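Here is my_file.cif, consisting of mmCIF, C-alpha atoms and all ligand atoms:
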```
data_data
loop_
_atom_site.group_PDB
_atom_site.id
_atom_site.type_symbol
_atom_site.label_atom_id
_atom_site.label_comp_id
_atom_site.auth_asym_id
_atom_site.auth_seq_id
_atom_site.Cartn_x
_atom_site.Cartn_y
_atom_site.Cartn_z
ATOM 1 C CA MET A 1 5.018 36.331 64.910
ATOM 2 C CA ALA A 2 7.661 34.724 67.091
ATOM 3 C CA LYS A 3 10.222 37.435 66.376
ATOM 4 C CA VAL A 4 13.332 35.869 67.837
ATOM 5 C CA ALA A 5 12.406 32.434 66.532
ATOM 6 C CA ARG A 6 12.386 33.885 63.009
ATOM 7 C CA GLU A 7 15.564 35.849 63.625
ATOM 8 C CA MET A 8 17.422 32.702 64.657
ATOM 9 C CA VAL A 9 16.433 30.923 61.464
ATOM 10 C CA GLU A 10 17.470 33.884 59.334
ATOM 11 C CA LYS A 11 20.768 34.105 61.162
ATOM 12 C CA ALA A 12 21.446 30.446 60.384
ATOM 13 C CA GLY A 13 21.295 31.351 56.690
ATOM 14 C CA VAL A 14 17.839 30.143 55.709
ATOM 15 C CA ASN A 15 15.847 32.290 53.269
ATOM 16 C CA VAL A 16 12.775 32.475 55.504
ATOM 17 C CA ASP A 17 10.439 34.014 52.918
ATOM 18 C CA GLN A 18 11.242 31.204 50.514
ATOM 19 C CA LEU A 19 10.829 28.613 53.257
ATOM 20 C CA LEU A 20 7.477 30.146 54.194
ATOM 21 C CA GLU A 21 6.256 29.961 50.613
ATOM 22 C CA LEU A 22 7.217 26.315 50.560
ATOM 23 C CA LEU A 23 5.489 25.618 53.885
ATOM 24 C CA VAL A 24 2.299 27.276 52.632
ATOM 25 C CA LYS A 25 2.497 25.196 49.437
ATOM 26 C CA ASN A 26 2.847 22.019 51.449
ATOM 27 C CA ALA A 27 0.053 23.023 53.824
ATOM 28 C CA ALA A 28 -2.090 23.512 50.703
ATOM 29 C CA ALA A 29 -1.066 20.077 49.434
ATOM 30 C CA GLU A 30 -2.188 18.547 52.739
ATOM 31 C CA LEU A 31 -5.586 20.210 52.905
ATOM 32 C CA THR A 32 -6.358 19.617 49.236
ATOM 33 C CA THR A 33 -5.244 15.997 49.561
ATOM 34 C CA TYR A 34 -7.586 15.654 52.527
ATOM 35 C CA TYR A 35 -10.362 16.887 50.252
ATOM 36 C CA TYR A 36 -9.481 14.719 47.244
ATOM 37 C CA TYR A 37 -8.898 11.650 49.420
ATOM 38 C CA THR A 38 -12.408 12.078 50.797
ATOM 39 C CA ILE A 39 -13.721 11.507 47.277
ATOM 40 C CA LEU A 40 -11.301 8.662 46.597
ATOM 41 C CA ARG A 41 -12.204 6.930 49.855
ATOM 42 C CA VAL A 42 -15.931 7.182 49.176
ATOM 43 C CA ASN A 43 -15.318 5.477 45.840
ATOM 44 C CA LEU A 44 -13.131 2.681 47.175
ATOM 45 C CA ILE A 45 -15.884 0.082 47.089
ATOM 46 C CA GLY A 46 -16.457 -3.408 45.810
ATOM 47 C CA LEU A 47 -14.345 -6.510 46.325
ATOM 48 C CA ASP A 48 -11.075 -4.763 45.495
ATOM 49 C CA GLY A 49 -11.853 -1.318 46.814
ATOM 50 C CA GLU A 50 -13.040 -2.154 50.326
ATOM 51 C CA GLY A 51 -9.673 -3.569 51.321
ATOM 52 C CA ILE A 52 -7.969 -0.255 50.590
ATOM 53 C CA LYS A 53 -10.607 1.988 52.126
ATOM 54 C CA GLU A 54 -9.239 1.736 55.662
ATOM 55 C CA ILE A 55 -5.686 2.859 54.858
ATOM 56 C CA ALA A 56 -6.963 5.565 52.500
ATOM 57 C CA GLU A 57 -8.985 6.863 55.442
ATOM 58 C CA VAL A 58 -5.960 6.854 57.773
ATOM 59 C CA ALA A 59 -3.835 8.607 55.143
ATOM 60 C CA ARG A 60 -6.631 11.157 54.728
ATOM 61 C CA ILE A 61 -6.902 11.923 58.455
ATOM 62 C CA GLU A 62 -3.134 12.102 58.866
ATOM 63 C CA ASP A 63 -2.850 14.541 55.971
ATOM 64 C CA ARG A 64 -5.369 16.784 57.691
ATOM 65 C CA ASN A 65 -3.236 16.516 60.812
ATOM 66 C CA HIS A 66 -0.225 17.572 58.756
ATOM 67 C CA PHE A 67 -2.107 20.668 57.660
ATOM 68 C CA GLU A 68 -3.010 21.444 61.284
ATOM 69 C CA ALA A 69 0.581 20.970 62.412
ATOM 70 C CA LEU A 70 2.070 23.165 59.661
ATOM 71 C CA VAL A 71 -0.146 26.196 60.190
ATOM 72 C CA PRO A 72 1.245 27.332 63.579
ATOM 73 C CA ARG A 73 4.814 27.135 62.248
ATOM 74 C CA ILE A 74 3.835 29.298 59.261
ATOM 75 C CA TYR A 75 2.470 32.011 61.539
ATOM 76 C CA GLU A 76 5.337 31.720 64.026
ATOM 77 C CA LEU A 77 7.775 32.516 61.252
ATOM 78 C CA GLY A 78 5.720 35.525 60.169
ATOM 79 C CA GLY A 79 3.874 33.934 57.271
ATOM 80 C CA LYS A 80 0.165 33.528 56.627
ATOM 81 C CA LEU A 81 -2.314 31.526 54.608
ATOM 82 C CA PRO A 82 -3.806 33.130 51.482
ATOM 83 C CA GLU A 83 -7.148 34.856 52.080
ATOM 84 C CA CYS A 84 -8.761 33.037 49.194
ATOM 85 C CA MET A 85 -9.310 29.294 49.348
ATOM 86 C CA LYS A 86 -9.052 29.001 45.566
ATOM 87 C CA ALA A 87 -5.623 30.624 45.578
ATOM 88 C CA PHE A 88 -4.655 28.227 48.355
ATOM 89 C CA HIS A 89 -5.712 25.228 46.264
ATOM 90 C CA ASP A 90 -3.801 26.465 43.242
ATOM 91 C CA THR A 91 -0.579 27.031 45.150
ATOM 92 C CA SER A 92 -0.384 23.381 46.273
ATOM 93 C CA ALA A 93 3.055 21.754 46.129
ATOM 94 C CA CYS A 94 1.470 18.650 44.604
ATOM 95 C CA PRO A 95 -0.949 18.139 41.720
ATOM 96 C CA PRO A 96 -4.620 17.540 42.627
ATOM 97 C CA ALA A 97 -5.287 13.855 43.471
ATOM 98 C CA ARG A 98 -8.399 13.694 41.310
ATOM 99 C CA LEU A 99 -10.715 10.732 41.088
ATOM 100 C CA PRO A 100 -9.661 8.656 38.050
ATOM 101 C CA GLU A 101 -12.017 8.717 35.080
ATOM 102 C CA ASP A 102 -13.084 5.166 35.874
ATOM 103 C CA PRO A 103 -13.391 4.954 39.666
ATOM 104 C CA ARG A 104 -13.895 1.192 39.426
ATOM 105 C CA ASP A 105 -10.351 0.907 38.132
ATOM 106 C CA ILE A 106 -8.791 0.206 41.532
ATOM 107 C CA ARG A 107 -5.285 0.108 40.089
ATOM 108 C CA ALA A 108 -5.739 3.638 38.765
ATOM 109 C CA MET A 109 -7.013 4.676 42.205
ATOM 110 C CA LEU A 110 -3.947 3.168 43.875
ATOM 111 C CA GLN A 111 -1.662 4.816 41.341
ATOM 112 C CA MET A 112 -3.202 8.189 42.153
ATOM 113 C CA LEU A 113 -2.798 7.552 45.886
ATOM 114 C CA VAL A 114 0.812 6.387 45.710
ATOM 115 C CA GLU A 115 1.790 9.299 43.465
ATOM 116 C CA ALA A 116 0.277 11.791 45.893
ATOM 117 C CA GLU A 117 2.277 10.241 48.732
ATOM 118 C CA ARG A 118 5.463 10.227 46.670
ATOM 119 C CA CYS A 119 5.035 13.894 45.938
ATOM 120 C CA ALA A 120 4.745 14.511 49.681
ATOM 121 C CA VAL A 121 7.822 12.398 50.429
ATOM 122 C CA ARG A 122 9.799 14.471 47.931
ATOM 123 C CA GLY A 123 8.533 17.754 49.321
ATOM 124 C CA TYR A 124 9.281 17.033 52.991
ATOM 125 C CA THR A 125 12.652 15.513 52.186
ATOM 126 C CA HIS A 126 13.527 18.793 50.543
ATOM 127 C CA ILE A 127 12.285 20.862 53.496
ATOM 128 C CA CYS A 128 14.368 18.659 55.812
ATOM 129 C CA ASN A 129 17.412 19.224 53.604
ATOM 130 C CA MET A 130 16.857 22.989 53.629
ATOM 131 C CA THR A 131 16.410 23.242 57.393
ATOM 132 C CA ALA A 132 18.724 20.548 58.791
ATOM 133 C CA GLY A 133 21.033 22.027 61.406
ATOM 134 C CA LYS A 134 19.544 25.486 60.836
ATOM 135 C CA ASP A 135 15.852 25.672 61.618
ATOM 136 C CA HIS A 136 15.463 22.997 64.260
ATOM 137 C CA ARG A 137 11.733 23.354 64.819
ATOM 138 C CA THR A 138 10.713 23.280 61.149
ATOM 139 C CA TYR A 139 13.110 20.388 60.648
ATOM 140 C CA ASP A 140 11.565 18.452 63.538
ATOM 141 C CA LEU A 141 8.082 19.060 62.146
ATOM 142 C CA ALA A 142 8.995 18.231 58.520
ATOM 143 C CA LEU A 143 10.744 15.062 59.683
ATOM 144 C CA ALA A 144 7.721 13.976 61.736
ATOM 145 C CA ILE A 145 5.490 14.481 58.690
ATOM 146 C CA LEU A 146 8.009 12.732 56.428
ATOM 147 C CA ASN A 147 7.939 9.681 58.718
ATOM 148 C CA GLU A 148 4.195 9.391 58.194
ATOM 149 C CA GLU A 149 4.321 10.104 54.442
ATOM 150 C CA ILE A 150 6.803 7.277 53.952
ATOM 151 C CA GLU A 151 4.400 4.903 55.687
ATOM 152 C CA HIS A 152 1.546 6.140 53.482
ATOM 153 C CA GLU A 153 3.676 5.517 50.398
ATOM 154 C CA SER A 154 4.521 2.028 51.652
ATOM 155 C CA TRP A 155 0.915 1.040 52.233
ATOM 156 C CA PHE A 156 -0.217 1.905 48.708
ATOM 157 C CA SER A 157 2.962 0.640 47.103
ATOM 158 C CA GLU A 158 2.438 -2.799 48.658
ATOM 159 C CA PHE A 159 -1.077 -2.955 47.221
ATOM 160 C CA LEU A 160 0.379 -2.238 43.789
ATOM 161 C CA GLY A 161 2.619 -5.268 44.169
ATOM 162 C CA GLU A 162 5.864 -3.310 44.217
ATOM 163 C CA GLY A 163 7.251 -5.536 46.968
ATOM 164 C CA PRO A 164 7.218 -5.632 50.766
ATOM 165 C CA SER A 165 8.027 -2.539 52.805
ATOM 166 C CA GLY A 166 7.870 -4.065 56.248
ATOM 167 C CA HIS A 167 4.969 -1.877 57.340
ATOM 168 C CA PHE A 168 1.636 -2.805 58.781
ATOM 169 C CA MET A 169 -1.507 -0.688 58.691
ATOM 170 C CA ARG A 170 -1.815 1.891 61.447
ATOM 171 C CA ARG A 171 -2.835 0.491 64.820
ATOM 172 C CA GLY A 172 -3.788 2.692 67.728
ATOM 173 C CA GLU A 173 -3.908 6.466 67.383
ATOM 174 C CA THR A 174 -3.324 8.206 64.056
ATOM 175 C CA SER A 175 -0.238 10.377 63.500
ATOM 176 C CA PRO A 176 2.207 8.707 65.918
ATOM 177 C CA PHE A 177 4.967 11.082 64.771
ATOM 178 C CA VAL A 178 3.068 14.331 64.263
ATOM 179 C CA SER A 179 0.741 14.140 67.274
ATOM 180 C CA LYS A 180 3.215 15.958 69.527
ATOM 181 C CA PHE A 181 2.683 19.054 67.375
ATOM 182 C CA LEU A 182 -1.078 18.843 67.750
ATOM 183 C CA LYS A 183 -1.339 18.947 71.512
ATOM 184 C CA MET B 1 15.770 20.543 15.898
ATOM 185 C CA ARG B 2 14.922 24.184 16.450
ATOM 186 C CA GLU B 3 17.755 26.205 17.977
ATOM 187 C CA ILE B 4 16.899 28.364 20.948
ATOM 188 C CA THR B 5 19.101 31.084 22.342
ATOM 189 C CA LEU B 6 19.377 31.978 26.008
ATOM 190 C CA ASP B 7 17.594 35.245 25.225
ATOM 191 C CA GLU B 8 14.653 33.383 23.718
ATOM 192 C CA LEU B 9 14.591 31.068 26.718
ATOM 193 C CA ARG B 10 14.689 34.013 29.106
ATOM 194 C CA ALA B 11 11.628 35.531 27.425
ATOM 195 C CA ALA B 12 9.575 32.372 28.053
ATOM 196 C CA ASP B 13 9.360 32.958 31.796
ATOM 197 C CA GLY B 14 5.721 31.932 32.238
ATOM 198 C CA GLN B 15 4.687 35.308 33.573
ATOM 199 C CA GLU B 16 1.839 37.488 32.328
ATOM 200 C CA GLY B 17 0.565 34.777 30.005
ATOM 201 C CA ARG B 18 3.912 34.080 28.374
ATOM 202 C CA PRO B 19 4.868 30.413 27.824
ATOM 203 C CA ALA B 20 6.993 28.690 30.466
ATOM 204 C CA TRP B 21 10.088 27.019 29.079
ATOM 205 C CA ILE B 22 12.894 25.442 31.039
ATOM 206 C CA GLY B 23 16.394 24.532 29.934
ATOM 207 C CA TYR B 24 17.753 21.161 30.903
ATOM 208 C CA ALA B 25 20.825 19.309 29.601
ATOM 209 C CA GLY B 26 20.991 21.219 26.340
ATOM 210 C CA ARG B 27 17.296 21.031 25.580
ATOM 211 C CA VAL B 28 14.381 23.343 26.138
ATOM 212 C CA TYR B 29 11.135 21.901 27.501
ATOM 213 C CA ASP B 30 7.717 23.506 27.490
ATOM 214 C CA VAL B 31 6.089 23.228 30.937
ATOM 215 C CA THR B 32 3.419 25.849 30.243
ATOM 216 C CA GLY B 33 0.455 23.646 31.140
ATOM 217 C CA SER B 34 1.922 22.215 34.326
ATOM 218 C CA PHE B 35 0.085 22.745 37.605
ATOM 219 C CA LEU B 36 3.497 22.859 39.282
ATOM 220 C CA TRP B 37 4.895 25.615 37.039
ATOM 221 C CA GLN B 38 2.083 28.154 37.239
ATOM 222 C CA ARG B 39 3.269 31.663 36.403
ATOM 223 C CA GLY B 40 6.657 30.116 35.670
ATOM 224 C CA SER B 41 7.404 29.398 39.304
ATOM 225 C CA HIS B 42 8.205 25.948 40.697
ATOM 226 C CA GLN B 43 8.110 25.096 44.418
ATOM 227 C CA ALA B 44 8.902 28.707 45.370
ATOM 228 C CA LEU B 45 12.508 28.003 44.429
ATOM 229 C CA HIS B 46 12.867 27.787 40.651
ATOM 230 C CA LYS B 47 11.912 30.023 37.753
ATOM 231 C CA ALA B 48 11.094 29.205 34.158
ATOM 232 C CA GLY B 49 13.039 30.958 31.407
ATOM 233 C CA ARG B 50 16.336 29.653 32.723
ATOM 234 C CA ASP B 51 18.736 26.786 32.267
ATOM 235 C CA LEU B 52 18.016 24.637 35.332
ATOM 236 C CA THR B 53 20.467 21.822 34.656
ATOM 237 C CA VAL B 54 22.525 22.540 37.768
ATOM 238 C CA GLU B 55 19.525 23.295 39.966
ATOM 239 C CA LEU B 56 17.983 19.913 39.197
ATOM 240 C CA GLU B 57 20.927 18.198 40.887
ATOM 241 C CA ALA B 58 19.638 19.385 44.269
ATOM 242 C CA ALA B 59 16.002 18.592 43.523
ATOM 243 C CA PRO B 60 14.127 15.734 45.228
ATOM 244 C CA HIS B 61 13.461 14.149 41.833
ATOM 245 C CA GLY B 62 15.309 13.405 38.631
ATOM 246 C CA ALA B 63 15.030 14.369 34.991
ATOM 247 C CA GLU B 64 12.194 11.895 34.356
ATOM 248 C CA PHE B 65 9.693 14.573 35.391
ATOM 249 C CA VAL B 66 11.194 17.078 32.963
ATOM 250 C CA GLU B 67 11.368 14.602 30.093
ATOM 251 C CA ARG B 68 7.600 14.065 30.186
ATOM 252 C CA PHE B 69 7.148 17.511 28.669
ATOM 253 C CA PRO B 70 7.448 18.419 24.977
ATOM 254 C CA VAL B 71 10.847 19.508 23.707
ATOM 255 C CA VAL B 72 10.770 22.933 22.083
ATOM 256 C CA GLY B 73 14.304 22.756 20.777
ATOM 257 C CA GLN B 74 17.974 22.716 21.488
ATOM 258 C CA LEU B 75 19.565 25.316 23.714
ATOM 259 C CA ILE B 76 22.504 26.996 22.064
ATOM 260 C CA PRO B 77 25.043 28.445 24.457
ATOM 261 C CA ARG B 78 25.315 32.002 23.154
ATOM 262 C CA SER B 79 22.842 34.489 21.756
ATOM 263 C CA THR B 80 22.926 34.739 17.982
ATOM 264 C CA GLY B 81 22.267 37.831 15.937
ATOM 265 C CA GLY B 82 25.731 39.325 16.128
ATOM 266 C CA SER B 83 27.417 41.531 18.624
ATOM 267 C CA THR B 84 25.377 43.562 21.060
ATOM 268 C CA CYS B 85 28.300 45.940 21.550
ATOM 269 C CA GLY B 86 28.198 49.470 20.274
ATOM 270 C CA ARG B 87 25.086 51.382 19.422
HETATM 271 C C1 LIG A 201 15.068 21.840 44.757
HETATM 272 C C2 LIG A 201 14.029 22.217 44.137
HETATM 273 C C3 LIG A 201 12.868 21.362 43.685
HETATM 274 C C4 LIG A 201 11.861 20.824 44.409
HETATM 275 C C5 LIG A 201 11.650 20.922 45.919
HETATM 276 C C6 LIG A 201 10.998 20.145 43.478
HETATM 277 C C7 LIG A 201 9.862 19.455 43.823
HETATM 278 C C8 LIG A 201 9.008 18.840 42.956
HETATM 279 C C9 LIG A 201 7.894 18.022 43.341
HETATM 280 C C10 LIG A 201 7.464 17.717 44.783
HETATM 281 C C11 LIG A 201 7.293 17.599 42.210
HETATM 282 C C12 LIG A 201 6.079 16.681 42.121
HETATM 283 C C13 LIG A 201 6.638 15.298 42.065
HETATM 284 C C14 LIG A 201 5.626 14.209 42.186
HETATM 285 O O1 LIG A 201 4.496 14.361 41.679
HETATM 286 O O2 LIG A 201 5.963 13.186 42.819
HETATM 287 C C15 LIG A 201 8.022 18.150 41.108
HETATM 288 C C16 LIG A 201 7.696 17.969 39.770
HETATM 289 C C17 LIG A 201 8.401 18.514 38.733
HETATM 290 N N1 LIG A 201 9.587 19.209 38.802
HETATM 291 FE FE1 LIG A 201 10.546 19.744 40.482
HETATM 292 N N2 LIG A 201 11.488 20.288 42.198
HETATM 293 C C18 LIG A 201 12.623 21.023 42.278
HETATM 294 C C19 LIG A 201 13.446 21.387 41.227
HETATM 295 C C20 LIG A 201 13.144 21.230 39.911
HETATM 296 C C21 LIG A 201 13.959 21.701 38.813
HETATM 297 C C22 LIG A 201 15.285 22.427 38.943
HETATM 298 C C23 LIG A 201 13.293 21.371 37.659
HETATM 299 C C24 LIG A 201 13.672 21.624 36.228
HETATM 300 C C25 LIG A 201 14.832 21.304 35.713
HETATM 301 C C26 LIG A 201 12.070 20.693 38.047
HETATM 302 C C27 LIG A 201 11.120 20.221 37.170
HETATM 303 C C28 LIG A 201 9.968 19.558 37.534
HETATM 304 C C29 LIG A 201 8.963 19.106 36.595
HETATM 305 C C30 LIG A 201 8.963 19.322 35.082
HETATM 306 C C31 LIG A 201 7.983 18.446 37.349
HETATM 307 C C32 LIG A 201 6.704 17.764 36.821
HETATM 308 C C33 LIG A 201 5.580 18.744 36.789
HETATM 309 C C34 LIG A 201 4.269 18.108 36.345
HETATM 310 O O3 LIG A 201 4.169 16.883 36.269
HETATM 311 O O4 LIG A 201 3.325 18.862 36.052
HETATM 312 N N3 LIG A 201 12.016 20.615 39.410
HETATM 313 N N4 LIG A 201 9.074 18.887 41.584
HETATM 314 FE FE FE A 202 0.603 14.610 54.483
HETATM 315 FE FE FE A 203 0.210 11.377 53.016
#
```
Any chance you could give the structure as structure tokens?
Amino acid sequence: MAKVAREMVEKAGVNVDQLLELLVKNAAAELTTYYYYTILRVNLIGLDGEGIKEIAEVARIEDRNHFEALVPRIYELGGKLPECMKAFHDTSACPPARLPEDPRDIRAMLQMLVEAERCAVRGYTHICNMTAGKDHRTYDLALAILNEEIEHESWFSEFLGEGPSGHFMRRGETSPFVSKFLK
Amino acid sequence: MREITLDELRAADGQEGRPAWIGYAGRVYDVTGSFLWQRGSHQALHKAGRDLTVELEAAPHGAEFVERFPVVGQLIPRSTGGSTCGR
């Protein structure tokens, strides 16, 4: 544990145990999303599906990066991941992004994807609100993740015909915002 | 509509197999089956068995998520059943 780092956050008035529980829940959401997106991506086939496969893959890899970036902060603050993987899955901050009953229903696939991203956008916005001006490092991390989640939401939202978001698919390296936490 | 007292709401805290009810804007909703309310706990910050009307104001979502769940009844402000004073 980074003792003084935790002390500073406590002193700023953040309930660190509560924050830790929330960070673990969001780490669980990332890793489980990585898993569920693997299945979704594999099933994004056919004339409609292939076009979405690429961004689903980027969103999948970036979510795994989010998991990787969250874990050190959890341990720094004195938290830990559950010993049991099943408990970890069940504590996720977002519902499982299961493969729709009819995987050829690309609209249903997109709906699942955009809802998963929206859940993440909500979660990190809340962590930013809780930590702003108080826990600078968690805030910086949650904001970096939020930046990527908003792009993920935009990609899928555009496919659903909800209107333009001004974003283009990822070019160059994945995780342009979060990568500084992965080095 | 069924009337539910705060005491009844408090008992439906989602723990130890009990149902998970939440109070919102004068109504009581049953979130027992929700993945996000397991054991009556939501996002490490909120507990079932309470009136969460005020807490929802600071949430990163609106009432539309709550309103998807079945209404159990109407929350009445005070406990009925007479005075709890005395013996
Ligand atoms: C500030 C604290 C809160 C946070 C961080 C939070 C976060 C979330 C998130 C991320 C979701 C998933 C949304 C999605 O799928 O896009 C959710 C769903 C939900 N929230 Fe909250 N929420 C909070 C407070 C509340 C409160 C106070 C209530 C009750 C009045 C509430 C009731 C619900 C319900 C009923 C759902 C839907 C659950 C389901 O579909 O199974 N939330 N919340
Ligand atoms: Fe993510
Ligand atoms: Fe994402």
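The residue that comes closest to Asp30 (chain B), out of B:Glu64, B:Phe69, B:Glu57, B:Gly49 and on the basis of all atoms listed in the file, is B:Phe69.
Among all protein and nucleic acid residues, the ones that lie within 7 Å of ligand FE 202 (chain A) when counting all atoms listed in the file are Glu30, Glu62, Asp63, His66, Ala120, Ile145 and Glu149 of chain A.
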Please produce a file of the residues just selected, as a CSV table (one decimal), keeping the file's coordinate frame, where the atoms kept are C-alpha atoms.
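Final output, saved to part_7.csv:
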```
chain,number,residue,atom,x,y,z
A,30,GLU,CA,-2.2,18.5,52.7
A,62,GLU,CA,-3.1,12.1,58.9
A,63,ASP,CA,-2.8,14.5,56.0
A,66,HIS,CA,-0.2,17.6,58.8
A,120,ALA,CA,4.7,14.5,49.7
A,145,ILE,CA,5.5,14.5,58.7
A,149,GLU,CA,4.3,10.1,54.4
```
If you apply the PyMOL selection byres ((chain B) within 10 of (chain A and not hetatm)) to this file, what residues do you get, as a ChimeraX atom specification? /B:34-38,42-45,58-61
Find the smallest box with edges along x, y and z containing every listed atom of ligand LIG 201 (chain A), then add 8 Å on each side and report centre and edge lengths in Å to one decimal, as lines of an AutoDock Vina configuration file.
```
center_x = 9.3
center_y = 17.8
center_z = 40.5
size_x = 28.0
size_y = 25.2
size_z = 26.8
```
Would you kindly translate the PyMOL selection byres (((chain A and resi 178) around 8) and not hetatm) into the concrete residues it picks from this file, as a list in words?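 Evaluating the PyMOL selection byres (((chain A and resi 178) around 8) and not hetatm) on these coordinates yields Asn65, His66, Ala69, Leu141, Ala144, Ile145, Glu148, Ser175, Pro176, Phe177, Ser179, Lys180, Phe181 and Leu182 of chain A.
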Could you tell me how far CA of Thr53 (chain B) sits from CA of Met1 (chain B), in Å to one decimal place? 19.4 Å
Tell me which protein, DNA and RNA residues are within 9 Å of region 111-113 of chain A, counting only C-alpha atoms, leaving out same-chain ones fewer than 2 positions away, and put them as JSON, numbers by chain. {"A": [37, 40, 56, 97, 98, 99, 100, 106, 107, 108, 109, 115, 116, 117, 118, 152, 153, 156, 157, 160]}
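Picture a line from atom C5 of ligand LIG 201 (chain A) to CA of Gly62 (chain B); it runs 11.1 Å.
Each of A:Asp105, A:Glu57, A:Glu173, A:Glu162 was compared to ligand FE 203 (chain A) using all atoms listed in the file, and A:Glu57 turns out to be the nearest.
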Could you jot down the CA of Gly73 (chain B) to CA of Ile4 (chain B) separation for me, Å, one decimal place? 6.2 Å
Which one is closest to Lys80 (chain A): A:Arg104, A:Ile45, A:Gly51, A:Ala28? Count all atoms listed in the file. A:Ala28
Of the residues A:Arg73, A:Arg6, A:Pro164, A:Val114, which is the one nearest to ligand LIG 201 (chain A), using only C-alpha atoms and all ligand atoms?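 For ligand LIG 201 (chain A), the nearest of the given residues is A:Val114.
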Using all atoms listed in the file, the best pick from A:Thr38, A:Met130, A:Phe88, A:Pro103 as closest to ligand LIG 201 (chain A) would be A:Met130
Take the point (19.3, 24.0, 63.4) as written in the file and pick out every residue within 12 Å of it, counting only C-alpha atoms; give the list as a PyMOL selection string. chain A and resi 5+8-14+128-140
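Every protein or nucleic acid residue with an atom no more than 7 Å from Ala20 (chain B), counting only C-alpha atoms and leaving out same-chain residues fewer than 2 positions away, appears here: B:Ala12, B:Asp13, B:Gly14, B:Arg18, B:Ile22, B:Asp30, B:Val31, B:Thr32, B:Gly40, B:Ala48, B:Gly49.
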Residue among A:Ala27, A:Leu47, A:Leu146, A:Ile52 lying closest to ligand FE 203 (chain A), counting only C-alpha atoms and all ligand atoms: A:Leu146
Assuming the chain letters and numbering stay as they are in my file, what does the PyMOL selection byres (((chain B and resi 76) around 6) and not hetatm) actually select? List them as a list of chain:residue names. B:Ile4, B:Thr5, B:Leu75, B:Pro77, B:Arg78
Residues near Tyr24 (chain B), anyone? I mean within 9 Å using all atoms listed in the file, not counting same-chain ones fewer than 4 positions away, as a list in words. Val28, Tyr29, Arg50, Asp51, Leu52, Thr53, Val54, Leu56, Ala63, Val66 and Leu75 of chain B
Would you fill out region 143-147 of chain A with all heavy atoms and return it as a tab-separated table (two decimals), keeping the file's coordinate frame?
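The resulting out_25.tsv:
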```tsv
chain	number	residue	atom	x	y	z
A	143	LEU	N	10.30	16.45	59.52
A	143	LEU	CA	10.74	15.06	59.68
A	143	LEU	C	9.61	14.19	60.22
A	143	LEU	O	9.41	13.05	59.76
A	143	LEU	CB	11.96	15.01	60.62
A	143	LEU	CG	12.53	13.60	60.88
A	143	LEU	CD1	13.01	12.96	59.58
A	143	LEU	CD2	13.68	13.68	61.88
A	144	ALA	N	8.86	14.73	61.19
A	144	ALA	CA	7.72	13.98	61.74
A	144	ALA	C	6.71	13.68	60.62
A	144	ALA	O	6.23	12.54	60.49
A	144	ALA	CB	7.07	14.78	62.86
A	145	ILE	N	6.43	14.69	59.80
A	145	ILE	CA	5.49	14.48	58.69
A	145	ILE	C	6.07	13.48	57.70
A	145	ILE	O	5.38	12.55	57.26
A	145	ILE	CB	5.14	15.82	58.00
A	145	ILE	CG1	4.48	16.79	58.99
A	145	ILE	CG2	4.23	15.58	56.79
A	145	ILE	CD1	4.19	18.17	58.44
A	146	LEU	N	7.35	13.64	57.39
A	146	LEU	CA	8.01	12.73	56.43
A	146	LEU	C	7.88	11.27	56.88
A	146	LEU	O	7.61	10.38	56.07
A	146	LEU	CB	9.48	13.13	56.27
A	146	LEU	CG	10.33	12.24	55.35
A	146	LEU	CD1	9.80	12.25	53.92
A	146	LEU	CD2	11.79	12.69	55.37
A	147	ASN	N	8.07	11.04	58.18
A	147	ASN	CA	7.94	9.68	58.72
A	147	ASN	C	6.57	9.09	58.38
A	147	ASN	O	6.47	7.91	58.03
A	147	ASN	CB	8.12	9.69	60.24
A	147	ASN	CG	9.58	9.63	60.63
A	147	ASN	OD1	10.28	8.68	60.32
A	147	ASN	ND2	10.07	10.65	61.31
```
